[in-house]
>>> print(open('input-v4.cif').read())   # mmCIF, C-alpha atoms
data_entry
loop_
_atom_site.label_atom_id
_atom_site.label_comp_id
_atom_site.auth_asym_id
_atom_site.auth_seq_id
_atom_site.Cartn_x
_atom_site.Cartn_y
_atom_site.Cartn_z
CA MET I 1 -29.75 -18.32 12.40
CA ASN I 2 -33.37 -18.84 11.52
CA ASP I 3 -34.91 -22.11 10.50
CA PRO I 4 -33.62 -22.81 6.97
CA TYR I 5 -37.02 -24.00 5.73
CA GLU I 6 -38.60 -20.81 6.98
CA THR I 7 -35.84 -18.73 5.38
CA LEU I 8 -36.50 -20.37 2.03
CA GLY I 9 -40.26 -20.22 2.54
CA VAL I 10 -40.86 -23.95 2.16
CA ALA I 11 -42.38 -26.59 4.39
CA PRO I 12 -39.98 -28.96 6.19
CA THR I 13 -41.57 -31.71 4.14
CA ALA I 14 -40.85 -30.02 0.81
CA SER I 15 -39.19 -32.07 -1.91
CA ALA I 16 -35.62 -31.41 -2.96
CA GLU I 17 -36.95 -30.03 -6.20
CA ASP I 18 -39.25 -27.57 -4.43
CA ILE I 19 -36.41 -26.42 -2.22
CA GLN I 20 -34.21 -25.78 -5.24
CA LYS I 21 -37.03 -23.93 -6.96
CA ALA I 22 -37.63 -21.77 -3.89
CA TYR I 23 -33.93 -21.00 -3.57
CA ARG I 24 -33.54 -20.02 -7.22
CA LYS I 25 -36.55 -17.79 -7.06
CA LEU I 26 -35.19 -15.90 -4.05
CA ALA I 27 -31.60 -15.89 -5.30
CA LYS I 28 -32.60 -14.32 -8.61
CA LYS I 29 -34.18 -11.48 -6.69
CA LEU I 30 -31.48 -11.06 -4.05
CA HIS I 31 -28.15 -12.00 -5.63
CA PRO I 32 -25.66 -9.27 -4.60
CA ASP I 33 -24.28 -8.98 -8.12
CA LEU I 34 -27.73 -8.27 -9.46
CA ASN I 35 -28.34 -5.76 -6.66
CA PRO I 36 -25.10 -3.83 -6.27
CA GLY I 37 -25.50 -1.15 -3.64
CA ASN I 38 -28.37 -2.92 -1.88
CA ALA I 39 -26.94 -4.02 1.46
CA GLU I 40 -30.26 -5.42 2.62
CA ALA I 41 -30.48 -7.74 -0.37
CA GLU I 42 -26.93 -8.90 0.25
CA GLU I 43 -27.75 -9.69 3.88
CA LYS I 44 -30.85 -11.65 2.90
CA PHE I 45 -28.98 -13.44 0.14
CA LYS I 46 -26.42 -14.63 2.65
CA GLU I 47 -29.22 -16.11 4.74
CA ILE I 48 -30.89 -17.96 1.91
CA ALA I 49 -27.52 -19.13 0.54
CA SER I 50 -26.55 -20.71 3.84
CA ALA I 51 -30.06 -22.12 4.29
CA TYR I 52 -29.83 -23.69 0.84
CA GLY I 53 -26.28 -24.88 1.57
CA LEU I 54 -27.83 -26.87 4.40
CA VAL I 55 -31.16 -28.24 3.19
CA GLY I 56 -30.36 -28.13 -0.52
CA ASP I 57 -27.82 -30.89 0.06
CA ALA I 58 -29.49 -34.28 0.63
CA GLU I 59 -26.83 -35.54 3.04
CA LYS I 60 -26.70 -32.37 5.14
CA ARG I 61 -30.47 -32.07 5.11
CA LYS I 62 -30.79 -35.55 6.60
CA ARG I 63 -28.34 -34.68 9.37
CA PHE I 64 -30.11 -31.38 10.02
CA ASP I 65 -33.54 -33.01 10.16
CA SER I 66 -32.29 -35.60 12.65
CA GLY I 67 -30.84 -32.83 14.82
CA GLU I 68 -27.26 -33.91 14.18
CA ILE I 69 -26.17 -30.47 12.96
CA ASP I 70 -27.77 -27.11 13.53
CA ALA I 71 -28.36 -24.16 11.27
CA ALA I 72 -25.32 -22.26 12.60
CA GLY I 73 -23.08 -24.96 11.17
CA ALA I 74 -24.04 -23.89 7.70
CA GLU I 75 -22.79 -20.30 7.92
CA ARG I 76 -20.45 -19.55 5.10
CA PRO I 77 -17.26 -17.54 5.17
CA PRO I 78 -17.73 -14.08 3.65
CA GLN I 79 -17.08 -14.15 -0.05
CA HIS I 80 -16.16 -11.50 -2.58
CA TYR I 81 -18.71 -10.86 -5.25
CA TYR I 82 -18.06 -9.60 -8.73
CA LYS I 83 -19.48 -6.22 -7.72
CA ASP I 84 -16.72 -5.79 -5.11
CA TYR I 85 -14.16 -5.68 -7.93
CA ALA I 86 -16.26 -4.14 -10.66
CA SER I 87 -17.08 -1.12 -8.52
CA SER I 88 -13.49 -0.46 -7.46
CA GLU I 89 -11.64 2.61 -8.64
CA GLN I 90 -9.10 0.49 -10.46
CA ASP I 91 -9.37 -0.07 -14.14
CA HIS I 92 -10.68 -3.37 -15.36
CA PRO I 93 -11.54 -4.70 -18.81
CA TYR I 94 -15.27 -4.94 -18.09
CA ALA I 95 -15.84 -1.25 -17.40
CA ASP I 96 -18.67 0.05 -19.57
CA ASN I 97 -19.86 3.63 -19.72
CA SER I 98 -22.16 3.21 -22.70
CA GLY I 99 -25.31 3.08 -20.56
CA PHE I 100 -25.54 6.88 -20.32
CA ALA I 101 -23.65 7.99 -23.42
CA ASP I 102 -26.78 9.77 -24.64
CA PHE I 103 -26.91 11.89 -21.49
CA MET I 104 -23.50 13.23 -22.33
CA ASP I 105 -24.54 14.54 -25.72
CA SER I 106 -26.73 17.36 -24.50
CA GLU I 107 -25.64 20.88 -23.68
CA ASP I 108 -26.75 21.29 -20.08
CA ALA I 109 -24.61 21.49 -16.97
CA PHE I 110 -25.35 17.91 -16.03
CA ALA I 111 -24.01 16.64 -19.34
CA GLU I 112 -20.90 18.73 -18.83
CA LEU I 113 -20.39 17.17 -15.40
CA LEU I 114 -20.78 13.72 -16.91
CA ARG I 115 -18.31 14.48 -19.67
CA ARG I 116 -15.81 15.82 -17.21
CA SER I 117 -16.16 12.75 -15.07
CA ALA I 118 -15.82 10.43 -18.07
CA ARG I 119 -12.67 12.25 -19.18
CA ALA I 120 -11.27 11.98 -15.68
CA GLN I 121 -12.00 8.24 -15.69
CA ALA I 122 -10.48 7.68 -19.09
CA ASN I 123 -7.37 9.67 -18.29
CA ARG I 124 -6.78 8.86 -14.68
CA ARG I 125 -3.26 9.45 -13.48
CA GLY I 126 -1.45 6.42 -12.10
CA HIS I 127 -1.07 5.92 -8.39
CA ASP I 128 1.84 7.35 -6.49
CA LEU I 129 4.28 4.77 -5.28
CA GLU I 130 5.52 5.19 -1.72
CA VAL I 131 8.86 3.67 -0.84
CA ARG I 132 11.15 3.97 2.15
CA LEU I 133 14.84 4.26 1.44
CA PRO I 134 17.38 3.72 4.23
CA ILE I 135 20.69 5.51 3.63
CA GLU I 136 23.94 5.94 5.55
CA PHE I 137 24.52 9.13 7.52
CA ILE I 138 27.49 10.00 5.35
CA GLU I 139 25.34 9.64 2.23
CA SER I 140 22.79 12.02 3.74
CA ILE I 141 25.46 14.72 4.06
CA ALA I 142 27.48 14.16 0.91
CA GLY I 143 24.64 13.00 -1.35
CA ALA I 144 24.55 9.66 -3.18
CA ASN I 145 23.10 7.72 -6.06
CA LYS I 146 21.03 4.79 -4.88
CA ARG I 147 19.31 2.04 -6.78
CA LEU I 148 16.01 0.94 -5.32
CA ILE I 149 14.37 -2.42 -5.91
CA LEU I 150 10.62 -1.86 -6.22
CA PRO I 151 7.96 -4.27 -4.91
CA ASP I 152 7.15 -5.33 -8.49
CA GLY I 153 10.81 -6.21 -9.15
CA GLY I 154 11.66 -3.09 -11.16
CA THR I 155 14.49 -0.77 -10.21
CA LEU I 156 14.60 2.95 -9.67
CA ASP I 157 17.70 5.15 -9.59
CA VAL I 158 17.46 7.83 -6.94
CA ASP I 159 19.70 10.84 -6.76
CA ILE I 160 20.00 11.77 -3.08
CA PRO I 161 20.82 15.48 -2.80
CA PRO I 162 23.50 16.42 -0.26
CA GLY I 163 22.20 17.51 3.14
CA ILE I 164 18.92 15.58 3.06
CA THR I 165 17.23 15.14 6.44
CA GLU I 166 15.43 12.26 8.12
CA GLY I 167 11.88 11.78 6.85
CA GLN I 168 12.31 14.09 3.88
CA VAL I 169 10.36 12.86 0.87
CA LEU I 170 11.81 12.92 -2.64
CA ARG I 171 9.24 13.06 -5.42
CA LEU I 172 10.29 11.43 -8.67
CA ARG I 173 7.78 12.63 -11.21
CA GLY I 174 6.36 9.98 -13.49
CA LYS I 175 8.06 7.09 -11.74
CA GLY I 176 4.91 5.73 -10.07
CA ALA I 177 2.22 3.41 -11.41
CA PRO I 178 0.93 3.80 -14.99
CA GLY I 179 -2.36 5.64 -15.46
CA SER I 180 -5.11 5.05 -17.97
CA GLY I 181 -5.53 6.82 -21.30
CA LYS I 182 -3.62 10.08 -21.29
CA GLY I 183 -3.48 9.98 -17.50
CA GLY I 184 0.23 9.46 -17.36
CA PHE I 185 2.27 7.89 -14.62
CA GLY I 186 1.99 8.68 -10.93
CA ASP I 187 5.00 9.78 -8.94
CA ALA I 188 7.39 7.79 -6.83
CA LEU I 189 7.57 9.20 -3.32
CA ILE I 190 10.79 8.19 -1.63
CA GLU I 191 10.90 8.68 2.12
CA VAL I 192 14.48 8.86 3.29
CA GLU I 193 15.47 7.10 6.47
CA ILE I 194 18.94 7.95 7.78
CA LYS I 195 20.71 5.19 9.66
CA PRO I 196 22.43 6.35 12.87
CA ASP I 197 26.17 6.78 12.51
CA ARG I 198 28.85 5.43 14.82
CA LEU I 199 30.69 8.76 14.91
CA PHE I 200 28.54 11.64 13.75
CA THR I 201 25.27 13.15 14.85
CA ARG I 202 23.50 16.10 13.30
CA GLN I 203 21.62 19.06 14.73
CA GLY I 204 20.27 21.46 12.17
CA ASP I 205 23.06 22.07 9.71
CA ASP I 206 25.81 21.33 12.23
CA ILE I 207 27.47 17.99 12.66
CA TYR I 208 28.77 16.81 16.02
CA LEU I 209 31.69 14.50 16.61
CA GLU I 210 33.28 13.39 19.86
CA LEU I 211 36.99 12.98 19.30
CA PRO I 212 39.35 11.16 21.71
CA VAL I 213 42.77 12.88 22.13
CA THR I 214 45.86 11.94 24.10
CA LEU I 215 46.94 13.66 27.28
CA THR I 216 50.00 14.97 25.48
CA GLU I 217 47.95 16.49 22.67
CA ALA I 218 45.64 18.05 25.23
CA VAL I 219 48.39 19.59 27.32
CA LEU I 220 50.77 20.70 24.61
CA GLY I 221 48.40 21.28 21.70
CA ALA I 222 48.70 19.51 18.35
CA ARG I 223 47.63 19.40 14.76
CA ILE I 224 45.40 16.36 14.37
CA LYS I 225 43.42 14.65 11.64
CA VAL I 226 39.67 14.78 12.13
CA PRO I 227 37.14 12.69 10.18
CA THR I 228 34.26 14.54 8.55
CA PRO I 229 31.48 13.01 6.44
CA THR I 230 33.23 14.32 3.36
CA GLY I 231 36.73 13.13 4.27
CA ALA I 232 39.42 13.79 6.87
CA VAL I 233 40.66 17.32 7.54
CA SER I 234 43.54 18.66 9.61
CA MET I 235 42.65 20.66 12.73
CA ALA I 236 44.79 22.70 15.07
CA MET I 237 44.17 21.85 18.69
CA PRO I 238 45.30 24.60 21.04
CA LYS I 239 47.53 24.04 24.00
CA GLY I 240 45.57 23.21 27.17
CA SER I 241 42.52 21.70 25.46
CA ASN I 242 40.32 19.80 27.85
CA THR I 243 37.66 17.10 27.79
CA GLY I 244 34.54 18.90 26.64
CA THR I 245 36.40 21.59 24.76
CA THR I 246 34.53 22.04 21.50
CA LEU I 247 36.33 23.19 18.39
CA ARG I 248 34.53 24.41 15.32
CA LEU I 249 35.42 23.38 11.78
CA ARG I 250 33.74 26.07 9.73
CA GLY I 251 31.89 24.97 6.64
CA LYS I 252 32.36 21.28 7.33
CA GLY I 253 28.73 20.66 8.27
CA ALA I 254 25.69 19.84 6.16
CA PRO I 255 24.77 21.99 3.15
CA ARG I 256 22.28 24.72 4.06
CA HIS I 257 19.03 25.32 2.22
CA ALA I 258 19.96 28.91 1.58
CA GLY I 259 23.42 27.99 0.32
CA GLY I 260 26.66 27.54 2.21
CA TYR I 261 27.35 24.91 4.82
CA GLY I 262 26.92 24.37 8.54
CA ASP I 263 29.88 23.65 10.78
CA GLN I 264 31.32 20.53 12.29
CA LEU I 265 31.71 20.76 16.06
CA VAL I 266 34.40 18.58 17.49
CA LYS I 267 34.08 17.85 21.18
CA LEU I 268 37.36 16.64 22.65
CA LYS I 269 37.67 13.78 25.09
CA VAL I 270 41.03 13.44 26.79
CA MET I 271 42.04 9.81 27.15
CA LEU I 272 44.74 8.43 29.43
CA PRO I 273 46.78 5.57 27.98
CA GLN I 274 44.88 2.28 28.18
CA GLU I 275 47.65 0.47 30.05
CA PRO I 276 48.91 1.98 33.35
CA ASP I 277 52.14 3.88 32.70
CA PRO I 278 54.76 3.92 35.49
CA GLU I 279 56.47 6.99 34.10
CA LEU I 280 53.19 8.94 34.05
CA GLU I 281 52.39 7.77 37.59
CA ALA I 282 55.82 8.86 38.82
CA PHE I 283 55.43 12.26 37.17
CA VAL I 284 51.95 12.89 38.50
CA SER I 285 52.84 11.91 42.07
CA ASN I 286 55.65 14.52 42.02
CA TRP I 287 53.50 17.13 40.32
CA GLU I 288 52.57 19.80 42.84
CA GLY I 289 50.01 21.57 40.66
CA GLY I 290 47.90 18.42 40.41
CA LYS I 291 47.30 18.47 44.15
CA THR I 292 46.03 22.02 44.42
CA TYR I 293 43.61 22.70 41.55
CA ASN I 294 39.97 21.80 42.15
CA PRO I 295 37.84 20.78 39.13
CA ARG I 296 34.85 20.16 41.46
CA GLU I 297 34.47 23.74 42.58
CA GLU I 298 30.99 23.84 41.00
CA VAL I 299 29.79 20.48 42.32
CA LYS I 300 30.78 20.70 45.96
CA PRO I 301 28.73 18.23 48.01
CA MET K 302 -2.48 -9.99 -8.36
CA LYS K 303 -1.56 -11.82 -11.56
CA ILE K 304 -3.02 -15.27 -12.00
CA SER K 305 -1.83 -17.67 -14.68
CA ARG K 306 -4.15 -19.77 -16.79
CA GLU K 307 -3.32 -22.90 -14.79
CA GLN K 308 -3.94 -21.13 -11.49
CA PHE K 309 -7.17 -19.73 -12.82
CA LEU K 310 -8.43 -23.16 -13.81
CA SER K 311 -7.67 -24.61 -10.41
CA LEU K 312 -9.05 -21.60 -8.48
CA SER K 313 -12.28 -21.48 -10.46
CA GLY K 314 -12.68 -25.23 -10.86
CA MET K 315 -13.33 -24.78 -14.57
CA ALA K 316 -12.56 -27.14 -17.39
CA ASP K 317 -10.10 -26.00 -20.02
CA GLU K 318 -12.58 -26.05 -22.96
CA MET K 319 -15.14 -24.15 -20.96
CA LEU K 320 -12.64 -21.39 -20.25
CA ASN K 321 -11.83 -21.18 -23.96
CA ALA K 322 -15.51 -20.87 -24.78
CA TRP K 323 -16.07 -18.12 -22.19
CA ILE K 324 -13.09 -16.16 -23.48
CA GLU K 325 -14.41 -16.64 -27.01
CA GLU K 326 -17.77 -15.19 -25.91
CA GLU K 327 -15.89 -12.32 -24.20
CA TRP K 328 -17.55 -13.21 -20.95
CA LEU K 329 -14.01 -13.23 -19.62
CA ILE K 330 -11.34 -10.86 -20.91
CA PRO K 331 -7.91 -11.95 -19.69
CA ARG K 332 -4.88 -9.71 -20.18
CA GLY K 333 -2.04 -10.61 -22.49
CA SER K 334 -2.37 -12.73 -25.61
CA SER K 335 -2.65 -16.49 -26.05
CA PRO K 336 -0.96 -18.63 -24.81
CA GLU K 337 0.44 -16.20 -22.20
CA LEU K 338 -2.89 -15.13 -20.70
CA SER K 339 -3.04 -13.61 -17.27
CA PHE K 340 -6.07 -13.25 -15.01
CA SER K 341 -6.85 -11.36 -11.82
CA GLU K 342 -9.28 -11.55 -8.90
CA ILE K 343 -12.03 -9.80 -10.83
CA ASP K 344 -11.99 -12.62 -13.41
CA ILE K 345 -12.36 -15.24 -10.68
CA ALA K 346 -15.33 -13.40 -9.17
CA ARG K 347 -16.87 -12.90 -12.60
CA ALA K 348 -16.45 -16.58 -13.45
CA ARG K 349 -18.27 -17.45 -10.25
CA LEU K 350 -21.10 -15.10 -11.11
CA ILE K 351 -21.38 -16.70 -14.55
CA ARG K 352 -21.44 -20.15 -13.02
CA GLU K 353 -24.14 -19.13 -10.54
CA LEU K 354 -26.20 -17.61 -13.32
CA ARG K 355 -26.00 -20.78 -15.39
CA VAL K 356 -26.12 -23.49 -12.72
CA ASP K 357 -28.13 -21.96 -9.88
CA PHE K 358 -30.43 -19.68 -11.85
CA GLY K 359 -30.77 -21.79 -14.95
CA VAL K 360 -29.90 -18.91 -17.27
CA ASN K 361 -28.98 -20.07 -20.76
CA ASP K 362 -25.91 -18.87 -22.68
CA GLU K 363 -27.72 -16.08 -24.51
CA GLY K 364 -29.09 -14.88 -21.18
CA VAL K 365 -25.66 -14.84 -19.56
CA GLY K 366 -24.30 -12.45 -22.19
CA VAL K 367 -27.28 -10.13 -21.78
CA ILE K 368 -27.01 -10.10 -17.99
CA LEU K 369 -23.25 -9.48 -17.99
CA ASN K 370 -23.67 -6.59 -20.38
CA LEU K 371 -26.35 -4.99 -18.20
CA VAL K 372 -24.41 -5.62 -14.99
CA ASP K 373 -21.34 -3.94 -16.46
CA GLN K 374 -23.35 -0.96 -17.64
CA LEU K 375 -24.84 -0.72 -14.18
CA HIS K 376 -21.37 -0.63 -12.64
CA GLY K 377 -20.28 1.99 -15.14
CA MET K 378 -23.20 4.16 -14.10
CA ARG K 379 -22.62 3.58 -10.41
CA ARG K 380 -19.01 4.55 -10.83
CA THR K 381 -19.92 7.72 -12.68
CA LEU K 382 -22.52 8.57 -10.07
CA ARG K 383 -19.87 8.17 -7.41
CA GLU K 384 -17.54 10.46 -9.31
CA LEU K 385 -20.29 13.02 -9.78
CA ARG K 386 -21.01 12.97 -6.08
CA GLN K 387 -17.32 13.63 -5.47
CA GLU K 388 -17.37 16.43 -8.01
CA VAL K 389 -20.43 18.03 -6.42
CA ARG K 390 -18.88 17.79 -2.98
CA THR K 391 -15.57 19.34 -4.00
CA THR K 392 -16.95 22.08 -6.24
CA PRO K 393 -17.25 25.20 -4.07
CA GLU K 394 -20.74 26.71 -3.97
CA GLN K 395 -21.16 29.94 -5.84
CA ASP K 396 -23.31 32.77 -4.53
#
>>> encode(input="input-v4.cif", output="structure tokens")
Amino acid sequence: MNDPYETLGVAPTASAEDIQKAYRKLAKKLHPDLNPGNAEAEEKFKEIASAYGLVGDAEKRKRFDSGEIDAAGAERPPQHYYKDYASSEQDHPYADNSGFADFMDSEDAFAELLRRSARAQANRRGHDLEVRLPIEFIESIAGANKRLILPDGGTLDVDIPPGITEGQVLRLRGKGAPGSGKGGFGDALIEVEIKPDRLFTRQGDDIYLELPVTLTEAVLGARIKVPTPTGAVSMAMPKGSNTGTTLRLRGKGAPRHAGGYGDQLVKLKVMLPQEPDPELEAFVSNWEGGKTYNPREEVKP
Amino acid sequence: MKISREQFLSLSGMADEMLNAWIEEEWLIPRGSSPELSFSEIDIARARLIRELRVDFGVNDEGVGVILNLVDQLHGMRRTLRELRQEVRTTPEQD
């Protein structure tokens, strides 16, 4: 930083009174709130303000003159001026458009532009409110009613339509921030986030489920209960079903855009009993067929 | 951000009677009605400007009102100019 006396345009021997006078004279010219939009004035004002902060204070001036502190020590943290708020797009009670009201009264195109702009300002629509809403997988398929707590403490009831997908945005008209004048409320934009499910995954309109079955069910076939996001259904499992066999439950998937439903695909996984079973071991060791078939035909080393 | 009267006094370092006088003059326009007044950041910045005008620049009370009025008109015009610029930019050119 420059020499504070030089910045203020005074001699190092100047009296406190002269320094104050010099500062006021410059500050009146350069104050950012009296020069909104003039970045150069703001920059200069910062310099004279920190110079005055240093040599305008008797104690600090003494320490500066004796070399105890230097000019850099007087730099001030950036501050917000009135203009930073007054010029924002948000409404505030000090807004005043009377300074050009007469311009608006004429009939030319410029006046029309001004009028349009004034109307837009007076009737500005409220901001949209963006919220993320995490939901369960099952809720995403079957639909749900959720109550959201908003950042300002209010609540919002959201009707989740069945079949919604990750990242889809629901627009609730008029549930955003209030506008000004006849501007009306903004919208609430709800971005849906679907939590992963323990059982189900989704691809397009189809839902996938891996379902463990017993050896007996796999060999002999069975009618088994299968969970779906909308409740359990009964499914016929044919004789000789294998691990990886995929059975299709028609219409048990997610609702389609065009109407109707996708399918649920149930991929079977044959499970041996968890505890070793002597009877099973005895049977398998006497079972001739088990020694001759080769499931690794395709993956021969 | 909502700021209560007590918070405003401590943030701005103002005395209670002085705040009443400034509200009376409409130099400051808090939201809500007495005694449940609420302030925001713009009021803090405006109070600082008023203080600088009076203390640093030696402007008297009549002068403060005049300056605030002109400053606010200036901001109104700047805002409208900004909107007009937007309008001019987004209006397609006709040939």
>>> closest_residue(input="input-v4.cif", among="K:Arg390, K:Arg306, K:Arg355, K:His376", to="chain I", atoms="all atoms listed in the file")
K:His376
>>> residues_around(input="input-v4.cif", residues="Ile343 of chain K", least_positions_apart="3", cutoff="7 Å", atoms="all atoms listed in the file", output="PDB file with C-alpha atoms, in the coordinates of the input")
ATOM      1  CA  TYR I  82     -18.060  -9.600  -8.730  1.00  0.00           C
ATOM      2  CA  TYR I  85     -14.160  -5.680  -7.930  1.00  0.00           C
TER       3      TYR I  85
ATOM      4  CA  ALA K 346     -15.330 -13.400  -9.170  1.00  0.00           C
ATOM      5  CA  ARG K 347     -16.870 -12.900 -12.600  1.00  0.00           C
TER       6      ARG K 347
END
>>> closest_residue(input="input-v4.cif", among="I:Ile160, I:Leu26, I:Ala16, I:Ala11", to="Phe358 of chain K", atoms="only C-alpha atoms")
I:Leu26
>>> interface_residues(input="input-v4.cif", of="chain I", to="chain K", cutoff="9 Å", atoms="only C-alpha atoms", output="MDAnalysis selection string")
chainID I and resid 20 23:25 27:28 33:34 36:37 80:89 92:100 113:114 117:118 121
>>> atom_distance(input="input-v4.cif", atom1="atom CA of Ile224 of chain I", atom2="atom CA of Leu211 of chain I")
10.3 Å
>>> closest_residue(input="input-v4.cif", among="K:Glu325, K:Ser339, K:Gly314, K:Phe309", to="Gly366 of chain K", atoms="all atoms listed in the file")
K:Glu325
>>> atom_distance(input="input-v4.cif", atom1="atom CA of Glu337 of chain K", atom2="atom CA of Glu307 of chain K")
10.7 Å
>>> residues_around(input="input-v4.cif", residues="Pro161 of chain I", least_positions_apart="4", cutoff="9 Å", atoms="all atoms listed in the file", output="list of chain:residue names")
I:Glu139, I:Ser140, I:Ile141, I:Ala142, I:Gly143, I:Ala144, I:Asn145
>>> axis_aligned_box(input="input-v4.cif", around="segment 244-263 of chain I", padding_each_side="6 Å", output="JSON")
{"center_x": 27.7, "center_y": 23.9, "center_z": 13.5, "size_x": 29.4, "size_y": 22.0, "size_z": 38.3}
>>> resolve_selection(input="input-v4.cif", expression="the PyMOL selection byres ((chain I and resi 61) around 12)", output="ChimeraX atom specification")
/I:4-5,12-16,19,51-60,62-71,73-74
>>> closest_residue(input="input-v4.cif", among="I:Glu112, I:Glu210, I:Asp105, I:Asp91", to="Thr246 of chain I", atoms="all atoms listed in the file")
I:Glu210
>>> resolve_selection(input="input-v4.cif", expression="the PyMOL selection byres ((chain I and resi 124) around 6)", output="compact mmCIF listing (two decimals) with C-alpha atoms, in the frame of the given file")
# COMPACT_ATOMS: atom_id res chain seq x y z
CA ALA I 120 -11.27 11.98 -15.68
CA GLN I 121 -12.00 8.24 -15.69
CA ALA I 122 -10.48 7.68 -19.09
CA ASN I 123 -7.37 9.67 -18.29
CA ARG I 125 -3.26 9.45 -13.48
CA GLY I 179 -2.36 5.64 -15.46
CA SER I 180 -5.11 5.05 -17.97
CA GLY I 183 -3.48 9.98 -17.50
>>> atom_distance(input="input-v4.cif", atom1="atom CA of Pro336 of chain K", atom2="atom CA of Phe185 of chain I")
28.6 Å
>>> residues_around(input="input-v4.cif", residues="His127 of chain I", least_positions_apart="4", cutoff="10 Å", atoms="all atoms listed in the file", output="MDAnalysis selection string")
chainID I and resid 90 174:179 184:188
>>> build_atoms(input="input-v4.cif", residues="segment 105-118 of chain I", atoms="N, CA, C and O atoms", output="short mmCIF file (atom, residue, chain, number, x, y, z; two decimals), in the frame of the given file")
data_model
loop_
_atom_site.label_atom_id
_atom_site.label_comp_id
_atom_site.auth_asym_id
_atom_site.auth_seq_id
_atom_site.Cartn_x
_atom_site.Cartn_y
_atom_site.Cartn_z
N ASP I 105 -24.50 13.80 -24.45
CA ASP I 105 -24.54 14.54 -25.72
C ASP I 105 -25.22 15.89 -25.62
O ASP I 105 -25.09 16.72 -26.50
N SER I 106 -25.99 16.10 -24.54
CA SER I 106 -26.73 17.36 -24.50
C SER I 106 -25.84 18.51 -24.01
O SER I 106 -24.66 18.32 -23.76
N GLU I 107 -26.44 19.68 -23.91
CA GLU I 107 -25.64 20.88 -23.68
C GLU I 107 -25.75 21.41 -22.25
O GLU I 107 -25.22 22.44 -21.92
N ASP I 108 -26.52 20.71 -21.41
CA ASP I 108 -26.75 21.29 -20.08
C ASP I 108 -25.58 21.03 -19.13
O ASP I 108 -24.61 20.34 -19.47
N ALA I 109 -25.70 21.57 -17.95
CA ALA I 109 -24.61 21.49 -16.97
C ALA I 109 -24.39 20.06 -16.52
O ALA I 109 -23.26 19.65 -16.27
N PHE I 110 -25.49 19.30 -16.46
CA PHE I 110 -25.35 17.91 -16.03
C PHE I 110 -24.51 17.11 -17.02
O PHE I 110 -23.64 16.34 -16.64
N ALA I 111 -24.77 17.33 -18.31
CA ALA I 111 -24.01 16.64 -19.34
C ALA I 111 -22.53 17.01 -19.25
O ALA I 111 -21.65 16.17 -19.41
N GLU I 112 -22.28 18.29 -18.94
CA GLU I 112 -20.90 18.73 -18.83
C GLU I 112 -20.20 18.02 -17.66
O GLU I 112 -19.08 17.57 -17.77
N LEU I 113 -20.93 17.90 -16.55
CA LEU I 113 -20.39 17.17 -15.40
C LEU I 113 -20.07 15.73 -15.77
O LEU I 113 -19.02 15.21 -15.43
N LEU I 114 -20.99 15.11 -16.49
CA LEU I 114 -20.78 13.72 -16.91
C LEU I 114 -19.56 13.60 -17.81
O LEU I 114 -18.76 12.69 -17.67
N ARG I 115 -19.45 14.54 -18.74
CA ARG I 115 -18.31 14.48 -19.67
C ARG I 115 -17.00 14.64 -18.91
O ARG I 115 -16.04 13.93 -19.17
N ARG I 116 -17.03 15.59 -17.98
CA ARG I 116 -15.81 15.82 -17.21
C ARG I 116 -15.41 14.56 -16.45
O ARG I 116 -14.26 14.16 -16.42
N SER I 117 -16.42 13.94 -15.85
CA SER I 117 -16.16 12.75 -15.07
C SER I 117 -15.66 11.60 -15.95
O SER I 117 -14.78 10.85 -15.58
N ALA I 118 -16.24 11.49 -17.15
CA ALA I 118 -15.82 10.43 -18.07
C ALA I 118 -14.38 10.66 -18.53
O ALA I 118 -13.59 9.73 -18.62
#
